[in-house]
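See structure below.
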Amino acid sequence: MSAAPHFVTPLWEEEIPGGAHWSGVVRRGVVLRLVALADDANVATLFYSREQPLERYNMADTLKAQHTAHLTTGCVCYSDMGRILCSVVADTCGWHDPLCGLTDARSLESRYGSTRFQEQRNARIVSGIEAMLVELGKYGLNERDLVANINFFSKVVVDDSGALGRVAGHARAGQFVDLRFEMDTIVLLHAGPHPLDTGTRYAPAGVRLEARHAPPPAADDVCRTRCPENARGFINTERHHR
Amino acid sequence: MIDTVVPAGEPWMGVIRRGERFRIVDLEGNQAVDTLFYNADDTHEHYSAQNTIQAQGRIYLTTGSLLLSNRGRPMLRIEDDTCGRHDTLGGACSSESNTVRYALEKRYMHSCRDSFLLALARHDQGMTKRDLPSNINFFMNVPVTPEGGLRFADGISAAGRHVELSALMDTLVLISNCPQLNNPCNAYNPTPIRVMTLGVATRESA
């Protein structure tokens with residue numbers, strides 16, 4: 001049985017232009033599909049519980065529970081409270097980076113030059129950190145809430161010495177990742193370049209969002225059955241909603 | 001001057017001044033020392049795992065590693081390291097993550113996050129769980145494979161090994177000397193550490 005949402009018309013769709021940021025609430029029981037609109041896409045992403053935003057995506061718990069340093073189908077995104085915010089139920093890209101963080105204004109300026117709204121208007125370059133601080137602020141959150149993020153569509157490998165290597169050209173236009181939300185979640189997205197992208201031309205890919213209803217995770221769900229840790233994560237999450 | 005032994009399962013907080021050296025000694029070997037650093041004058045600025053590994057292009061910490069804040073500023077530099085590798089990815093254990101990682105009934109065992117929260121409550125300066133980003137695990141070996149796997153490997157530290165940092169700003173240190181009993185990385189035997197300041201560094205920050 002495929003875990004991909006093969007059902008129906010989206011509840012809503014949204015296209016985020018390259019370089020732009022977005023946030024919104026995605027409810028439990030909804031699959032959010034992120035579609036790369038061009039090659040080499042990167043979507044910096046953060047998750048917070050809608051019910052209590054102090055409960056938030058936790059990089060370390062996500063990695064160590066699943067013994068992984070990358071995300072793909074079958075993986076889940078853990079909160080710091082032992083619950084699952086969302087599950088990766090389908091993925092045509094194959095590898096998403098949970099390690100490398102956000103771009104900052106200084107590194108972007110050194111790579112692409114200085115930009116300001118005064119001259120470039122909405123073509124100015126916004127850093128990952130600025131994008132997230134703006135979206136966090138809409139929920140009364142601030143830099144205290146800015147935890148380690150995921151970079152969807154980016155592949156970064158680690159060699160035996162611990163050195164990071166970004167794989168250029170990893171994501172292709174049209175590839176998608178499906179995130180099934182297991183809790184009502186505030187989702188923050190920034191369609192900006194990956195921090196290890198060494199390209200000197202600023203042309204970040206856009207991303208399309210498609211939201212659909214999802215059936216509850218079955219007993220043989222690809223994420224629930226990936227490892228005993230995830231089975232327990234689903235128990236914790238289901239108890240929270242009873 | 002700071003010079004104190006922290007038993008396993010206890011938190012420790014202290015301030016080290018800009019220019020001072022701070023040493024952590026793994027007294028009995030393979031102990032995990034969960035550590036966070038804050039700007040002592042503004043604790044909203046703190047160690048950032050992702051900024052640090054992004055800037056150095058490497059996930060492990062050792063001599064020469066510059067620890068960066070969430071605002072991209074250098075906070076401390078590792079000046080000396082007789083262990084060789086420290087973890088940036090494994091984070092802290094918590095009662096909730098223990099239910100996921102080991103078994104639902106492990107909720108009631110002591111954890112690093114409990115130590116962190118108790119230390120912050122006693123510190124009484126308004127710091128809460130919001131102020132707990134991903135921490136460093138000194139002396140812990142968490143290798144990532146080229147295939148993107150991650151595991152908690154046997155420790156590479158040993159009795160008496162130490163790591164020594166110089167403070168590049170006045171820094172509030174928050175340590176949980178890890179009480180984890182479910183992970184072979186410390187041979188299921190949490191042990192004491194020694195923390196100490198060694199006065200002003202000979203090599204001042206640029």
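Numbering starts fresh at 1 for the residues of each chain in the structure tokens, the chains themselves are lettered A, B, ... in the order given, and ligands are numbered from 1 as they appear.
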Please build the interface table for chain A against chain B with a cut-off of 6 Å, listing for each qualifying residue the nearest atom pair and the distance in Å to one decimal; count only C-alpha atoms, order rows by chain and increasing number, and write it as a Markdown table.
| residue | atom | partner | partner_atom | distance |
| --- | --- | --- | --- | --- |
| A:Ala60 | CA | B:Gly91 | CA | 4.9 |
| A:Ala65 | CA | B:Arg101 | CA | 5.4 |
| A:His67 | CA | B:Leu150 | CA | 4.7 |
| A:Thr68 | CA | B:Gly149 | CA | 4.3 |
| A:Ala69 | CA | B:Gly148 | CA | 4.9 |
| A:His70 | CA | B:Gly148 | CA | 5.6 |
| A:Met81 | CA | B:Glu96 | CA | 5.2 |
| A:Gly82 | CA | B:Glu96 | CA | 4.7 |
| A:Cys100 | CA | B:Gln50 | CA | 5.5 |
| A:Gly101 | CA | B:Gln50 | CA | 5.0 |
| A:Arg144 | CA | B:Arg130 | CA | 5.8 |
| A:Val147 | CA | B:Pro133 | CA | 6.0 |
| A:Val157 | CA | B:Pro146 | CA | 5.8 |
| A:Val158 | CA | B:Pro146 | CA | 5.4 |
| A:Asp159 | CA | B:Pro146 | CA | 5.3 |
| A:Gly162 | CA | B:Arg58 | CA | 5.1 |
| A:Ala163 | CA | B:Arg58 | CA | 4.1 |
| A:Leu164 | CA | B:Gly57 | CA | 5.3 |
| A:Glu229 | CA | B:Val100 | CA | 5.0 |
| A:Arg232 | CA | B:Val100 | CA | 5.3 |
| A:Gly233 | CA | B:Val100 | CA | 5.5 |
Those same residues - N, CA and C atoms - I'd like them written as a compact mmCIF listing (two decimals), in the first residue's frame.
# COMPACT_ATOMS: atom_id res chain seq x y z
N ALA A 60 18.29 17.16 17.39
CA ALA A 60 19.03 16.07 18.02
C ALA A 60 18.13 14.86 18.25
N ALA A 65 16.97 9.40 17.52
CA ALA A 65 15.92 8.39 17.61
C ALA A 65 15.93 7.49 16.38
N HIS A 67 18.64 7.21 14.20
CA HIS A 67 20.01 6.88 13.80
C HIS A 67 20.29 7.35 12.38
N THR A 68 19.94 8.59 12.12
CA THR A 68 20.14 9.13 10.79
C THR A 68 20.63 10.56 10.85
N ALA A 69 21.38 10.96 9.81
CA ALA A 69 21.80 12.35 9.67
C ALA A 69 21.22 12.95 8.39
N HIS A 70 20.19 12.28 7.85
CA HIS A 70 19.44 12.87 6.74
C HIS A 70 17.99 12.38 6.83
N MET A 81 9.43 16.99 22.95
CA MET A 81 8.58 16.34 23.95
C MET A 81 8.27 14.89 23.59
N GLY A 82 9.10 14.30 22.75
CA GLY A 82 8.94 12.88 22.41
C GLY A 82 7.76 12.61 21.51
N CYS A 100 22.75 21.77 8.51
CA CYS A 100 23.61 22.92 8.18
C CYS A 100 23.05 24.29 8.53
N GLY A 101 21.78 24.39 8.88
CA GLY A 101 21.29 25.66 9.40
C GLY A 101 20.87 26.66 8.34
N ARG A 144 14.86 33.40 20.74
CA ARG A 144 14.93 32.32 21.73
C ARG A 144 14.28 31.03 21.17
N VAL A 147 15.41 27.51 16.70
CA VAL A 147 16.21 26.31 16.92
C VAL A 147 16.76 25.80 15.59
N VAL A 157 26.67 15.55 2.66
CA VAL A 157 27.26 14.32 3.18
C VAL A 157 28.41 14.68 4.13
N VAL A 158 28.67 13.76 5.04
CA VAL A 158 29.72 13.95 6.04
C VAL A 158 30.76 12.86 5.84
N ASP A 159 32.03 13.25 5.66
CA ASP A 159 33.06 12.22 5.45
C ASP A 159 33.60 11.72 6.80
N GLY A 162 34.48 14.09 9.41
CA GLY A 162 33.43 14.99 9.87
C GLY A 162 33.20 16.17 8.95
N ALA A 163 33.94 16.25 7.83
CA ALA A 163 33.79 17.39 6.92
C ALA A 163 32.46 17.30 6.17
N LEU A 164 31.82 18.46 6.02
CA LEU A 164 30.53 18.56 5.32
C LEU A 164 30.76 18.79 3.84
N GLU A 229 11.62 2.93 17.67
CA GLU A 229 11.55 4.29 18.23
C GLU A 229 10.35 5.04 17.67
N ARG A 232 7.03 4.03 19.12
CA ARG A 232 6.78 4.68 20.41
C ARG A 232 6.47 6.16 20.24
N GLY A 233 7.12 6.80 19.28
CA GLY A 233 6.81 8.20 19.01
C GLY A 233 5.35 8.38 18.61
* **DSSP strand (DSSP E or B) residues within segment 84-161 of chain A, listed as a PyMOL selection string** => chain A and resi 84-91+96-97+150-152+156-158
Just C-alpha atoms for this one: save the residues we selected as a CSV table (one decimal), in the first residue's frame.
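Written file, out_30.csv:
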chain,number,residue,atom,x,y,z
A,84,ILE,CA,6.0,13.6,16.2
A,85,LEU,CA,5.2,16.9,14.6
A,86,CYS,CA,5.2,15.5,11.0
A,87,SER,CA,6.1,12.4,9.1
A,88,VAL,CA,7.9,12.1,5.7
A,89,VAL,CA,5.4,9.8,3.9
A,90,ALA,CA,6.7,10.2,0.4
A,91,ASP,CA,9.8,11.7,-1.1
A,96,HIS,CA,17.0,16.3,3.0
A,97,ASP,CA,19.6,18.1,5.2
A,150,ILE,CA,15.8,21.4,8.3
A,151,ASN,CA,16.9,22.2,4.7
A,152,PHE,CA,14.5,20.3,2.5
A,156,VAL,CA,25.0,17.3,2.5
A,157,VAL,CA,27.3,14.3,3.2
A,158,VAL,CA,29.7,13.9,6.0
* Pick the closest to Ala119 of chain B from B:Asp81, B:Glu10, B:Asp170, B:Asp26: which is it, counting only C-alpha atoms? -> B:Glu10
* Hey, what's within 9 Å of segment 192-203 of chain A if we count only C-alpha atoms and toss same-chain stuff fewer than 5 positions away? As a PyMOL selection string, please? -> (chain A and resi 18-21+40-44+100-104+107-108+111-112+125-128+151+154+156+164-166+168) or (chain B and resi 54+57)
* **Spatial neighbours of Gln66 of chain A, 8 Å, only C-alpha atoms, chain gap at least 2 places, as a PyMOL selection string** => chain A and resi 62-64+68+75+227+229-230
Keeping C-alpha atoms, export the residues of the selection given above as a short mmCIF file (atom, residue, chain, number, x, y, z; two decimals), in the first residue's frame.
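What landed in selection.cif:
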data_model
loop_
_atom_site.label_atom_id
_atom_site.label_comp_id
_atom_site.auth_asym_id
_atom_site.auth_seq_id
_atom_site.Cartn_x
_atom_site.Cartn_y
_atom_site.Cartn_z
CA THR A 62 15.06 13.51 15.40
CA LEU A 63 18.53 12.30 14.41
CA LYS A 64 19.33 10.08 17.36
CA THR A 68 20.14 9.13 10.79
CA CYS A 75 11.54 9.47 8.82
CA CYS A 227 12.02 1.56 13.69
CA GLU A 229 11.55 4.29 18.23
CA ASN A 230 9.02 5.66 15.75
#
Excluding Asp80 of chain B and residues on its chain fewer than 5 positions from it, collect all residues at most 10 Å away from it, counting only C-alpha atoms, and give them as a compact mmCIF listing (two decimals) with C-alpha atoms, in the first residue's frame.
# COMPACT_ATOMS: atom_id res chain seq x y z
CA ARG B 23 38.97 23.28 31.33
CA THR B 62 38.42 19.79 18.54
CA THR B 63 41.43 22.09 18.98
CA GLY B 64 40.97 25.19 16.83
CA SER B 65 37.19 24.95 16.67
CA HIS B 162 40.43 17.17 29.00
CA VAL B 163 39.23 19.92 26.74
CA GLU B 164 40.22 23.53 27.30
CA LEU B 165 38.49 26.59 25.89
CA SER B 166 39.28 30.29 25.91
